[in-house]
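For reference, the structure is listed below as structure tokens.
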Amino acid sequence: MSETKRKGIFADIIIYILLLVGAVFMIAPLIWMLTTSFKERDDVFALPPQWIPDPWQFEKYSEIWEKGPLLEGIMNSIIVAVSVTIIGTLTSSLAAFAFSKLRFPARDYIFMGLLASLMIPYPAVMIPQFIMFSKAGWVDTLLPLIVPGLFGNIFMIFFLRQYLMSVPNAIIEAAKIDGASYFGIFTRITFPLIKPAIAAQLILWFMGIWNDYLAPIIYLNSPEKQTLQLVIANYNATYAIQTDYPLIMAASIIALLPMLIVFLIFQKQIIESVAISGVKG
């Protein structure tokens with residue numbers, strides 16, 4: 001075996017070891033959360049730490065539905081996440097199509113203005129936005145969480161625009177010569193081409209909305225209107241004092257399951273999203 005090949009094998013071993021150590025540090029908290037949800041209260045503080053519950057307790061998964069509005073929180077989060085991602089993805093893809101393939105005055109300046117808005121920190125617009133929604137009577141409703149997202153996501157617009165820039169303009173011009181409208185070009189030609197990128201971005205956006213905590217805590221007050229993340233935070237505030245960590249962890253597992261299922265089902269699209277952004281951007 002040559003010296004170069006031995007060095008390559010040694011480097012691969014080092015990389016695998018480092019990745020394994022990193023994976024352990026990332027997965028260990030999730031495993032601890034899962035096992036804690038099946039423990040008794042006293043076992044949580046056992047020294048040395050008890051990773052495997054003995055005995056296994058399943059009562060907390062029935063108690064969480066009685067201790068707070070967990071089902072209402074799940075339904076509210078589904079309403080917000082599904083409505084925003086579906087409609088917002090449509091408007092974002094239409095905007096990306098316009099910014100990449102249509103010619104209109106100040107197109108590039110408008111797009112740069114959208115990108116510049118990303119530089120504005122959310123706390124700078126948080127109070128004016130709250131005042132605006134308060135005057136509209138939207139506080140303590142889901143509308144402040146839904147309506148802004150219906151007009152699109154700047155990150156998605158940027159990502160899809162960069163992807164569409166690689167699509168030859170000749171295809172669009174040929175469709176125009178054949179008499180197709182712009183909306184027809186988008187639905188019949190453009191959308192099928194960018195469907196994998198749209199799917200990946202939709203999943204990532206759904207995960208971000210599902211895990212959002214700041215916006216719901218600003219606008220929602222009534223327990224029946226709160227999203228899942230607020231319900232979990234209330235569990236933590238109420239039962240951490242009572243050291244009922246198994247109950248908190250059981251509720252956290254329920255909140256994690258939808259995201260875990262979505263990731264496992266659509267992980268191929270998420271990986272393709274990263275690959276596309278590196279090749280097409």
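Chains: A, B, ... in order of the structure tokens. Residues: from 1 per chain. Ligands: from 1, in order shown.
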Contacts of Leu94 (chain A) within 12 Å, only C-alpha atoms, excl. fewer than 5 positions in-chain, as JSON, numbers by chain
{"A": [87, 88, 89, 99, 100, 101, 102, 151, 152, 153, 156, 157, 158, 160, 161, 164, 182, 183, 184, 185, 186, 187, 190, 191, 194, 198]}
Just N, CA and C atoms for this one: save the residues we selected as an mmCIF file, in the first residue's frame.
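Result written to result-v7.cif:
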data_model
loop_
_atom_site.group_PDB
_atom_site.id
_atom_site.type_symbol
_atom_site.label_atom_id
_atom_site.label_comp_id
_atom_site.auth_asym_id
_atom_site.auth_seq_id
_atom_site.Cartn_x
_atom_site.Cartn_y
_atom_site.Cartn_z
ATOM 1 N N ILE A 87 -50.227 28.547 0.497
ATOM 2 C CA ILE A 87 -50.512 29.773 -0.251
ATOM 3 C C ILE A 87 -49.242 30.604 -0.421
ATOM 4 N N GLY A 88 -48.432 30.694 0.629
ATOM 5 C CA GLY A 88 -47.194 31.467 0.544
ATOM 6 C C GLY A 88 -46.211 30.894 -0.451
ATOM 7 N N THR A 89 -46.173 29.574 -0.595
ATOM 8 C CA THR A 89 -45.296 28.955 -1.583
ATOM 9 C C THR A 89 -45.741 29.304 -2.994
ATOM 10 N N PHE A 99 -39.459 37.800 -11.171
ATOM 11 C CA PHE A 99 -38.150 38.430 -11.017
ATOM 12 C C PHE A 99 -37.075 37.791 -11.895
ATOM 13 N N SER A 100 -37.294 36.588 -12.354
ATOM 14 C CA SER A 100 -36.263 35.905 -13.137
ATOM 15 C C SER A 100 -36.541 35.926 -14.638
ATOM 16 N N LYS A 101 -37.813 35.875 -15.046
ATOM 17 C CA LYS A 101 -38.120 35.689 -16.455
ATOM 18 C C LYS A 101 -38.933 36.824 -17.092
ATOM 19 N N LEU A 102 -39.514 37.699 -16.309
ATOM 20 C CA LEU A 102 -40.293 38.792 -16.880
ATOM 21 C C LEU A 102 -39.462 40.068 -16.891
ATOM 22 N N PHE A 151 -48.230 36.338 1.540
ATOM 23 C CA PHE A 151 -47.650 37.127 0.456
ATOM 24 C C PHE A 151 -46.253 36.653 0.073
ATOM 25 N N GLY A 152 -45.809 35.557 0.658
ATOM 26 C CA GLY A 152 -44.540 34.981 0.238
ATOM 27 C C GLY A 152 -43.455 35.065 1.280
ATOM 28 N N ASN A 153 -42.370 34.389 0.977
ATOM 29 C CA ASN A 153 -41.196 34.318 1.839
ATOM 30 C C ASN A 153 -39.989 34.789 1.028
ATOM 31 N N MET A 156 -37.416 32.166 0.150
ATOM 32 C CA MET A 156 -37.868 31.265 -0.894
ATOM 33 C C MET A 156 -37.846 31.942 -2.262
ATOM 34 N N ILE A 157 -38.258 33.208 -2.310
ATOM 35 C CA ILE A 157 -38.227 33.949 -3.573
ATOM 36 C C ILE A 157 -36.805 34.012 -4.110
ATOM 37 N N PHE A 158 -35.857 34.325 -3.238
ATOM 38 C CA PHE A 158 -34.454 34.409 -3.653
ATOM 39 C C PHE A 158 -33.951 33.053 -4.145
ATOM 40 N N LEU A 160 -35.656 30.387 -5.292
ATOM 41 C CA LEU A 160 -36.296 29.958 -6.532
ATOM 42 C C LEU A 160 -35.866 30.826 -7.710
ATOM 43 N N ARG A 161 -35.653 32.115 -7.466
ATOM 44 C CA ARG A 161 -35.182 32.986 -8.543
ATOM 45 C C ARG A 161 -33.813 32.531 -9.036
ATOM 46 N N LEU A 164 -34.300 29.497 -11.122
ATOM 47 C CA LEU A 164 -34.931 29.776 -12.421
ATOM 48 C C LEU A 164 -33.985 30.495 -13.379
ATOM 49 N N TYR A 182 -48.616 34.307 -19.533
ATOM 50 C CA TYR A 182 -47.563 34.180 -18.529
ATOM 51 C C TYR A 182 -47.955 33.169 -17.460
ATOM 52 N N PHE A 183 -49.223 33.194 -17.055
ATOM 53 C CA PHE A 183 -49.654 32.229 -16.043
ATOM 54 C C PHE A 183 -49.618 30.810 -16.607
ATOM 55 N N GLY A 184 -49.955 30.667 -17.888
ATOM 56 C CA GLY A 184 -49.861 29.355 -18.518
ATOM 57 C C GLY A 184 -48.426 28.867 -18.605
ATOM 58 N N ILE A 185 -47.502 29.777 -18.909
ATOM 59 C CA ILE A 185 -46.083 29.416 -18.938
ATOM 60 C C ILE A 185 -45.626 28.955 -17.557
ATOM 61 N N PHE A 186 -46.090 29.657 -16.541
ATOM 62 C CA PHE A 186 -45.687 29.291 -15.180
ATOM 63 C C PHE A 186 -46.225 27.912 -14.792
ATOM 64 N N THR A 187 -47.507 27.674 -15.027
ATOM 65 C CA THR A 187 -48.124 26.427 -14.582
ATOM 66 C C THR A 187 -47.693 25.223 -15.406
ATOM 67 N N THR A 190 -42.763 26.302 -16.146
ATOM 68 C CA THR A 190 -41.865 26.691 -15.053
ATOM 69 C C THR A 190 -42.089 25.858 -13.806
ATOM 70 N N PHE A 191 -43.324 25.736 -13.377
ATOM 71 C CA PHE A 191 -43.606 25.026 -12.123
ATOM 72 C C PHE A 191 -43.109 23.584 -12.130
ATOM 73 N N ILE A 194 -39.304 23.493 -11.453
ATOM 74 C CA ILE A 194 -38.795 23.870 -10.129
ATOM 75 C C ILE A 194 -39.523 23.140 -9.012
ATOM 76 N N ILE A 198 -39.184 23.684 -4.974
ATOM 77 C CA ILE A 198 -40.340 24.185 -4.224
ATOM 78 C C ILE A 198 -40.669 23.242 -3.074
#
Counting only C-alpha atoms, which residue out of A:Leu230, A:Ile189, A:Ala11, A:Ile78 sits closest to Met259 (chain A)?
A:Ile78
Step one, run DSSP on the backbone; step two, keep only residues of region 90-160 of chain A assigned to alpha helix (DSSP H); then write them as a PyMOL selection string.
chain A and resi 90-101+107-117+122-135+143-150+154-160
With only C-alpha atoms as the counted atoms, please give the residues lying no more than 12 Å from Ser77 (chain A), apart from itself and same-chain residues fewer than 2 positions off, as JSON, numbers by chain.
{"A": [70, 71, 72, 73, 74, 75, 79, 80, 81, 82, 83, 84, 85, 142, 145, 146, 206, 207, 208, 209, 210, 211, 212, 213, 216, 224, 225, 226, 227, 228, 229, 230, 231, 255, 258, 259]}
Leaving out Leu30 (chain A) and any residue of its chain fewer than 4 positions from it, which residues lie within 12 Å of it when counting only C-alpha atoms, given as a PDB file with C-alpha atoms, in the first residue's frame?
ATOM      1  CA  ALA A  23     -23.578  12.619  16.104  1.00  0.00           C
ATOM      2  CA  VAL A  24     -23.454  11.380  19.702  1.00  0.00           C
ATOM      3  CA  PHE A  25     -23.593  14.934  21.065  1.00  0.00           C
ATOM      4  CA  MET A  26     -26.534  15.751  18.773  1.00  0.00           C
ATOM      5  CA  LEU A  34     -37.426  10.307  25.012  1.00  0.00           C
ATOM      6  CA  THR A  35     -36.339   8.087  27.902  1.00  0.00           C
ATOM      7  CA  THR A  36     -37.163  10.758  30.489  1.00  0.00           C
ATOM      8  CA  SER A  37     -40.771  10.835  29.273  1.00  0.00           C
ATOM      9  CA  TRP A  51     -30.706   6.196  30.587  1.00  0.00           C
ATOM     10  CA  MET A 249     -40.715  15.642  28.002  1.00  0.00           C
ATOM     11  CA  ALA A 250     -43.771  13.662  26.923  1.00  0.00           C
ATOM     12  CA  SER A 252     -42.147  17.793  23.877  1.00  0.00           C
ATOM     13  CA  ILE A 253     -42.029  14.406  22.157  1.00  0.00           C
ATOM     14  CA  LEU A 256     -41.426  16.874  17.895  1.00  0.00           C
ATOM     15  CA  LEU A 257     -43.150  13.968  16.151  1.00  0.00           C
ATOM     16  CA  LEU A 260     -39.524  14.199  12.684  1.00  0.00           C
TER      17      LEU A 260
END
